[in-house]
Structure formats: structure tokens, C-alpha cells
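Below is entry.txt, which holds compact mmCIF, C-alpha atoms and all ligand atoms.
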```txt
# COMPACT_ATOMS: atom_id res chain seq x y z
CA MET A 1 26.03 14.55 -40.71
CA ASN A 2 25.18 11.02 -39.63
CA TYR A 3 24.25 9.95 -36.12
CA VAL A 4 27.02 7.89 -34.56
CA LEU A 5 24.42 5.69 -32.85
CA PRO A 6 20.95 4.68 -33.98
CA ALA A 7 18.73 7.67 -33.11
CA PRO A 8 16.14 6.80 -30.46
CA GLU A 9 12.58 6.26 -31.58
CA VAL A 10 10.23 9.19 -31.08
CA ALA A 11 7.95 8.48 -28.13
CA ALA A 12 4.36 8.73 -29.29
CA VAL A 13 0.78 8.28 -28.12
CA PRO A 14 -2.02 7.08 -30.43
CA VAL A 15 -4.78 9.54 -31.21
CA ALA A 16 -8.39 8.38 -30.92
CA GLY A 17 -9.56 8.10 -34.51
CA GLY A 18 -6.08 7.55 -35.94
CA GLY A 19 -2.61 9.01 -36.05
CA LEU A 20 0.21 9.35 -33.56
CA PHE A 21 0.95 12.29 -31.25
CA PRO A 22 4.75 12.66 -30.94
CA VAL A 23 5.80 13.36 -27.35
CA HIS A 24 8.29 16.17 -26.77
CA ARG A 25 8.34 16.58 -22.96
CA ILE A 26 6.21 15.44 -20.04
CA TYR A 27 5.48 18.08 -17.41
CA CYS A 28 3.66 17.15 -14.22
CA VAL A 29 1.93 19.36 -11.66
CA GLY A 30 2.37 18.43 -7.99
CA ARG A 31 -0.42 18.52 -5.37
CA ASN A 32 -3.12 20.11 -7.51
CA TYR A 33 -6.27 18.84 -5.73
CA ALA A 34 -6.86 20.07 -2.16
CA GLU A 35 -7.72 16.69 -0.63
CA HIS A 36 -4.69 15.06 -2.21
CA ALA A 37 -2.46 17.89 -0.95
CA GLN A 38 -3.93 17.19 2.52
CA GLU A 39 -3.24 13.48 2.31
CA MET A 40 0.36 14.36 1.40
CA GLY A 41 0.55 16.63 4.45
CA PHE A 42 0.00 20.07 2.91
CA THR A 43 -2.80 22.64 3.07
CA GLY A 44 -3.50 25.97 1.44
CA ARG A 45 -3.04 27.25 -2.10
CA GLU A 46 0.67 27.14 -2.68
CA PRO A 47 2.04 28.26 -6.05
CA PRO A 48 2.00 25.38 -8.55
CA PHE A 49 5.20 23.38 -8.80
CA PHE A 50 6.36 21.06 -11.51
CA PHE A 51 8.45 18.00 -12.13
CA MET A 52 9.14 16.10 -15.34
CA LYS A 53 9.23 12.62 -16.71
CA PRO A 54 11.23 11.56 -19.76
CA ALA A 55 9.18 11.37 -22.96
CA ASP A 56 9.91 7.66 -23.29
CA ALA A 57 8.31 6.95 -19.91
CA VAL A 58 4.96 6.85 -21.74
CA VAL A 59 3.26 3.48 -22.04
CA PRO A 60 0.59 4.06 -24.69
CA VAL A 61 -2.54 1.99 -24.29
CA ALA A 62 -4.89 1.77 -27.26
CA ASP A 63 -8.62 2.26 -26.81
CA GLY A 64 -10.27 -0.90 -25.51
CA GLN A 65 -6.93 -2.58 -24.71
CA THR A 66 -5.39 -3.45 -21.37
CA GLY A 67 -1.88 -2.07 -21.14
CA ALA A 68 0.79 -3.47 -18.87
CA ILE A 69 3.64 -2.08 -16.83
CA ASP A 70 6.38 -3.98 -15.08
CA TYR A 71 6.54 -3.54 -11.31
CA PRO A 72 9.54 -1.20 -11.08
CA SER A 73 12.81 -1.87 -9.30
CA LEU A 74 13.90 -0.43 -5.94
CA THR A 75 10.42 0.13 -4.51
CA ALA A 76 7.99 -1.60 -2.18
CA ASN A 77 5.36 1.14 -2.46
CA LEU A 78 4.28 1.79 -6.06
CA HIS A 79 1.39 4.29 -6.09
CA HIS A 80 -1.22 5.11 -8.71
CA GLU A 81 -2.10 8.74 -9.48
CA ILE A 82 -4.88 9.15 -12.01
CA GLU A 83 -4.63 12.42 -13.97
CA LEU A 84 -6.10 14.40 -16.82
CA VAL A 85 -3.33 14.78 -19.40
CA VAL A 86 -3.27 17.85 -21.61
CA ALA A 87 -1.56 17.54 -25.00
CA ILE A 88 -0.06 20.75 -26.34
CA GLY A 89 -0.44 21.45 -30.05
CA ILE A 90 0.77 25.04 -30.28
CA GLY A 91 3.80 26.02 -28.24
CA GLY A 92 4.71 29.36 -26.77
CA ARG A 93 6.26 31.39 -23.98
CA ASN A 94 4.38 33.50 -21.44
CA ILE A 95 0.98 32.23 -22.55
CA LYS A 96 -1.84 33.92 -20.63
CA ALA A 97 -4.47 31.71 -18.99
CA ALA A 98 -7.18 33.47 -20.98
CA ASP A 99 -5.41 32.47 -24.19
CA ALA A 100 -4.26 28.99 -23.10
CA ALA A 101 -7.09 26.85 -24.48
CA ARG A 102 -6.06 27.45 -28.10
CA HIS A 103 -2.69 25.82 -27.33
CA ILE A 104 -4.38 22.55 -26.35
CA TRP A 105 -4.38 19.85 -29.02
CA GLY A 106 -6.29 17.27 -27.02
CA TYR A 107 -6.70 15.34 -23.80
CA ALA A 108 -5.99 11.86 -22.46
CA VAL A 109 -6.27 9.85 -19.27
CA GLY A 110 -2.87 9.16 -17.73
CA LEU A 111 -1.29 7.56 -14.69
CA ASP A 112 1.55 9.30 -12.87
CA MET A 113 3.00 6.14 -11.35
CA THR A 114 5.10 6.93 -8.31
CA ARG A 115 7.68 5.04 -6.27
CA ARG A 116 6.29 6.69 -3.12
CA ASP A 117 8.90 5.29 -0.75
CA LEU A 118 11.74 6.67 -2.86
CA GLN A 119 9.96 10.00 -3.41
CA GLY A 120 9.39 10.28 0.35
CA GLU A 121 13.04 9.59 1.08
CA MET A 122 14.15 12.23 -1.47
CA LYS A 123 11.69 14.77 0.00
CA LYS A 124 13.03 14.16 3.47
CA GLN A 125 16.57 14.75 2.27
CA GLY A 126 15.68 17.74 0.06
CA ARG A 127 16.84 15.87 -3.03
CA PRO A 128 15.28 15.71 -6.52
CA TRP A 129 12.25 13.47 -7.02
CA CYS A 130 13.45 11.91 -10.28
CA ILE A 131 13.96 8.43 -8.86
CA GLY A 132 10.45 8.48 -7.38
CA LYS A 133 8.66 9.92 -10.40
CA ALA A 134 10.64 9.73 -13.62
CA PHE A 135 11.37 6.02 -13.95
CA ASP A 136 10.79 3.77 -16.97
CA GLN A 137 7.11 3.03 -17.76
CA SER A 138 5.99 5.59 -15.16
CA ALA A 139 3.49 7.28 -17.50
CA PRO A 140 0.82 4.91 -18.87
CA ILE A 141 -1.55 6.89 -21.06
CA GLY A 142 -4.71 6.26 -23.07
CA PRO A 143 -5.46 7.61 -26.53
CA ILE A 144 -5.40 11.37 -27.01
CA VAL A 145 -8.78 12.75 -27.98
CA PRO A 146 -8.61 15.91 -30.09
CA TYR A 147 -9.89 19.12 -28.53
CA ALA A 148 -12.15 19.48 -31.55
CA LYS A 149 -14.08 16.44 -30.28
CA THR A 150 -14.06 17.10 -26.52
CA GLY A 151 -14.26 20.89 -26.28
CA GLU A 152 -12.61 22.38 -23.22
CA LEU A 153 -12.62 19.96 -20.27
CA LEU A 154 -13.34 22.10 -17.22
CA ALA A 155 -15.46 19.74 -15.12
CA GLY A 156 -16.31 16.08 -14.94
CA ALA A 157 -15.56 13.02 -12.85
CA ILE A 158 -12.03 11.65 -12.60
CA THR A 159 -11.77 8.23 -10.99
CA LEU A 160 -9.46 5.30 -10.52
CA SER A 161 -10.35 1.80 -9.46
CA VAL A 162 -8.09 -1.13 -8.68
CA ASN A 163 -9.46 -4.61 -9.34
CA GLY A 164 -12.94 -3.09 -9.57
CA SER A 165 -12.92 -1.14 -6.30
CA VAL A 166 -12.85 2.66 -6.45
CA LYS A 167 -9.75 4.23 -4.90
CA GLN A 168 -9.63 7.76 -6.28
CA LYS A 169 -12.58 9.97 -7.02
CA GLY A 170 -12.66 13.65 -7.84
CA ASP A 171 -13.85 16.23 -10.31
CA LEU A 172 -11.80 18.28 -12.73
CA LYS A 173 -13.43 21.42 -11.35
CA GLU A 174 -11.60 20.76 -8.06
CA LEU A 175 -8.19 21.45 -9.64
CA ILE A 176 -6.42 24.04 -7.47
CA TRP A 177 -4.66 25.43 -10.54
CA SER A 178 -6.82 25.05 -13.62
CA VAL A 179 -5.35 23.70 -16.83
CA ASN A 180 -5.27 27.22 -18.28
CA GLU A 181 -3.53 28.65 -15.20
CA THR A 182 -1.09 25.76 -15.29
CA ILE A 183 -0.24 26.52 -18.93
CA GLU A 184 0.35 30.17 -17.96
CA GLN A 185 2.70 29.20 -15.13
CA LEU A 186 4.51 26.48 -17.07
CA SER A 187 5.08 28.67 -20.12
CA ALA A 188 6.60 31.36 -17.91
CA ALA A 189 9.26 28.85 -16.87
CA TRP A 190 9.76 26.88 -20.10
CA GLU A 191 8.91 27.46 -23.73
CA LEU A 192 6.10 25.03 -24.39
CA LYS A 193 6.46 23.07 -27.62
CA PRO A 194 4.05 21.11 -29.78
CA GLY A 195 4.15 17.56 -28.43
CA ASP A 196 4.40 18.50 -24.77
CA LEU A 197 2.17 16.59 -22.35
CA ILE A 198 1.01 18.05 -19.05
CA PHE A 199 -0.09 15.71 -16.25
CA SER A 200 -2.42 18.05 -14.38
CA GLY A 201 -2.43 16.48 -10.91
CA THR A 202 -4.28 13.76 -9.03
CA PRO A 203 -7.29 13.71 -6.70
CA ALA A 204 -7.17 12.13 -3.24
CA GLY A 205 -6.98 8.40 -2.65
CA VAL A 206 -3.54 7.51 -3.98
CA ALA A 207 -2.51 4.05 -2.82
CA ALA A 208 -0.22 1.16 -3.55
CA VAL A 209 -0.62 -1.47 -6.25
CA VAL A 210 1.09 -4.83 -6.48
CA ARG A 211 1.81 -7.31 -9.26
CA GLY A 212 -1.42 -8.72 -10.70
CA ASP A 213 -3.50 -5.60 -9.97
CA VAL A 214 -5.52 -4.03 -12.76
CA MET A 215 -6.08 -0.27 -12.66
CA GLU A 216 -8.96 1.40 -14.47
CA GLY A 217 -8.78 5.16 -14.80
CA SER A 218 -11.43 7.40 -16.22
CA VAL A 219 -12.09 11.04 -16.96
CA ALA A 220 -15.58 11.99 -18.14
CA GLY A 221 -15.58 12.33 -21.91
CA LEU A 222 -12.39 10.33 -22.55
CA PRO A 223 -11.76 6.62 -23.21
CA LEU A 224 -11.10 4.44 -20.16
CA LEU A 225 -7.45 3.64 -19.39
CA ARG A 226 -6.87 0.06 -18.27
CA VAL A 227 -3.42 -1.03 -17.08
CA ALA A 228 -2.20 -4.21 -15.42
CA VAL A 229 0.86 -4.42 -13.18
CA ARG A 230 2.98 -7.46 -14.01
MN MN B 301 0.88 13.38 -10.01
```

Would you give me this structure, written as C-alpha cells?
Amino acid sequence: MNYVLPAPEVAAVPVAGGGLFPVHRIYCVGRNYAEHAQEMGFTGREPPFFFMKPADAVVPVADGQTGAIDYPSLTANLHHEIELVVAIGIGGRNIKAADAARHIWGYAVGLDMTRRDLQGEMKKQGRPWCIGKAFDQSAPIGPIVPYAKTGELLAGAITLSVNGSVKQKGDLKELIWSVNETIEQLSAAWELKPGDLIFSGTPAGVAAVVRGDVMEGSVAGLPLLRVAVR
């Protein structure tokens, strides 16, 4: 059977050292660092919750390059959220945290760009966050580094600067729900598939960017992610 329209391209992210990682789905964890939860008005260890972005929201940025995103429509408050991204290589349902690491193909540095004003409005009205979170170009991401090269990333600095000044600063060990626990919870709700990406949450310090700003995100052990807003 032939497609009646040209089939969309497979969204993909370059792998450090060569090759392309095809993106199946993008899962994101909300409020997964205590200080960020506080700045968003929440305290305590609530169960993890998830939202999604479309696979083609990725904006892959090659190692050493400066990527670019267009300032999105309908917002006057575009926020950066720097995150460790986990790339799933082996899918599964009901994966136990103790067994989760073997499902990880690699890691990358990603930005969960957020139209905060629209997200806030949707929250207030009890409506879905899609318009605030799942817009075009909302997921800039650096090269994926294979797990074989990084080992398990359990600790290490995660930072974001804008135009050279540090805005977000945290450590992976401060994750409220660890990557392995997140995989357990996610795979209880959805069958994880090879190609899934998990944005694991952002540390405190989220703030607005404007056209002309350059964001530099880093996670210890991974290539820097550099993205300009145009
Ligand atoms: Mn986020």
C-alpha cells in the first residue's frame, strides 16, 4: 500500500561519534528538582508527572555548533529549562528501577523550552499544557553520547547560562525522582520504545529569553549545547 501523502521525515538526533538516533516519542518529567518545584509554587515529594512533546519538536545541534530556534508565536515569556535527556535503546513495560539502566542507550543535554505565560494560563484553567510545552522547536538537543562512553550519569553539574551569565545551576544527584525511578514510573504508564527520549526535569533558575539571546547548557560529561534565539 502506498502513502497518500509524502510520509513525514523521521525526527532524529545526531550521535556523538557518528550516526543518527531516530526519535520515537519525547516524554518530559515535571518539577523534578526541589528548588525548581519551589520556584513554581510547590513543595514536597509529589509523585512524578509527565507531559509530552512531539518527536519533531527536536532541534538537533551538532557538537561545537550553535543551533537556533525561532522565538515562538503567542508568547511574551519564553523560558529556558536545561535538562539531562535520557535516550532509550531497549523498550519495555513495567521496567523496575533496579533494571532500568540497561534500557538507556545514551544521554544528551536538552532544553525544554516553555511558553510560560501560556502554560500558566492553562494551569489556572485546569487545561492541558500542550500549547505551553509542545510547540514547534521546543526541544533543542545536543548530540547523544552512548552509555558505553559515559557510564551511568548519577551526579554532576547541570547548568545553563544566557549570554555568558549563569541562570540555572544544579546537580543531577538532586533529582527528586532519579532517572531509573522515572523509567519505572513511565514504563508503568506507557510501553517505552527504542527511540524514546526522556527530559528528566530542570533545576531552579528558569527565566525568560528574548530574540538575540544565546543559551549555553551543560551537563558534566556531555558536550555543551549552544542555542541562539532568533
Ligand atoms: Mn522541564

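Going from atom CA of A:Asp99 over to atom CA of A:Asn180, you cover 7.9 Å.
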
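Atom CA of A:Asn32 is positioned 20.0 Å from atom CA of A:Gly106.
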
### Query
Can you find the residues with an atom no farther than 7 Å from (-7.5, 14.5, -14.3), counting only C-alpha atoms, and report them as a VMD selection string?
chain A and resid 82 to 85 109 158 172 200 to 202 219

### Task
Throw together the list of residues within 12 Å of ligand MN 301 (chain B), counting all atoms listed in the file, and drop it here as a PyMOL selection string.
chain A and resi 26-33+36-37+40+49-53+79-85+110-116+119+129+132-134+138-139+198-206

Radius query 7 Å about (-10.4, 7.8, -6.3), atoms used: all atoms listed in the file, as a PDB file with C-alpha atoms, keeping the file's coordinate frame:
```pdb
ATOM      1  CA  THR A 159     -11.770   8.230 -10.990  1.00  0.00           C
ATOM      2  CA  LEU A 160      -9.460   5.300 -10.520  1.00  0.00           C
ATOM      3  CA  SER A 161     -10.350   1.800  -9.460  1.00  0.00           C
ATOM      4  CA  VAL A 166     -12.850   2.660  -6.450  1.00  0.00           C
ATOM      5  CA  LYS A 167      -9.750   4.230  -4.900  1.00  0.00           C
ATOM      6  CA  GLN A 168      -9.630   7.760  -6.280  1.00  0.00           C
ATOM      7  CA  LYS A 169     -12.580   9.970  -7.020  1.00  0.00           C
ATOM      8  CA  GLY A 170     -12.660  13.650  -7.840  1.00  0.00           C
ATOM      9  CA  PRO A 203      -7.290  13.710  -6.700  1.00  0.00           C
ATOM     10  CA  ALA A 204      -7.170  12.130  -3.240  1.00  0.00           C
ATOM     11  CA  GLY A 205      -6.980   8.400  -2.650  1.00  0.00           C
TER      12      GLY A 205
END
```

### Message
Show me, as a list in words, the residues that have an atom within 12 Å of A:Gly91 when counting all atoms listed in the file, minus same-chain residues fewer than 5 positions from it.
### Response
His24, Arg25, Asp99, Ala100, Ala101, Arg102, His103, Ile104, Trp105, Ile183, Glu184, Leu186, Ser187, Ala188, Trp190, Glu191, Leu192, Lys193, Pro194, Gly195, Asp196 and Leu197 of chain A

#### Entry: Separation of atom CA of A:Val59 from atom CA of A:Val10 in Å
12.8 Å

Return as AutoDock Vina command-line options the centre and edge lengths, in Å with one decimal, of the box along x, y and z that encloses every atom of stretch 196-199 of chain A in the file, padded by 3 Å per side.
```
--center_x 2.2 --center_y 17.1 --center_z -20.5 --size_x 10.5 --size_y 8.8 --size_z 14.5
```
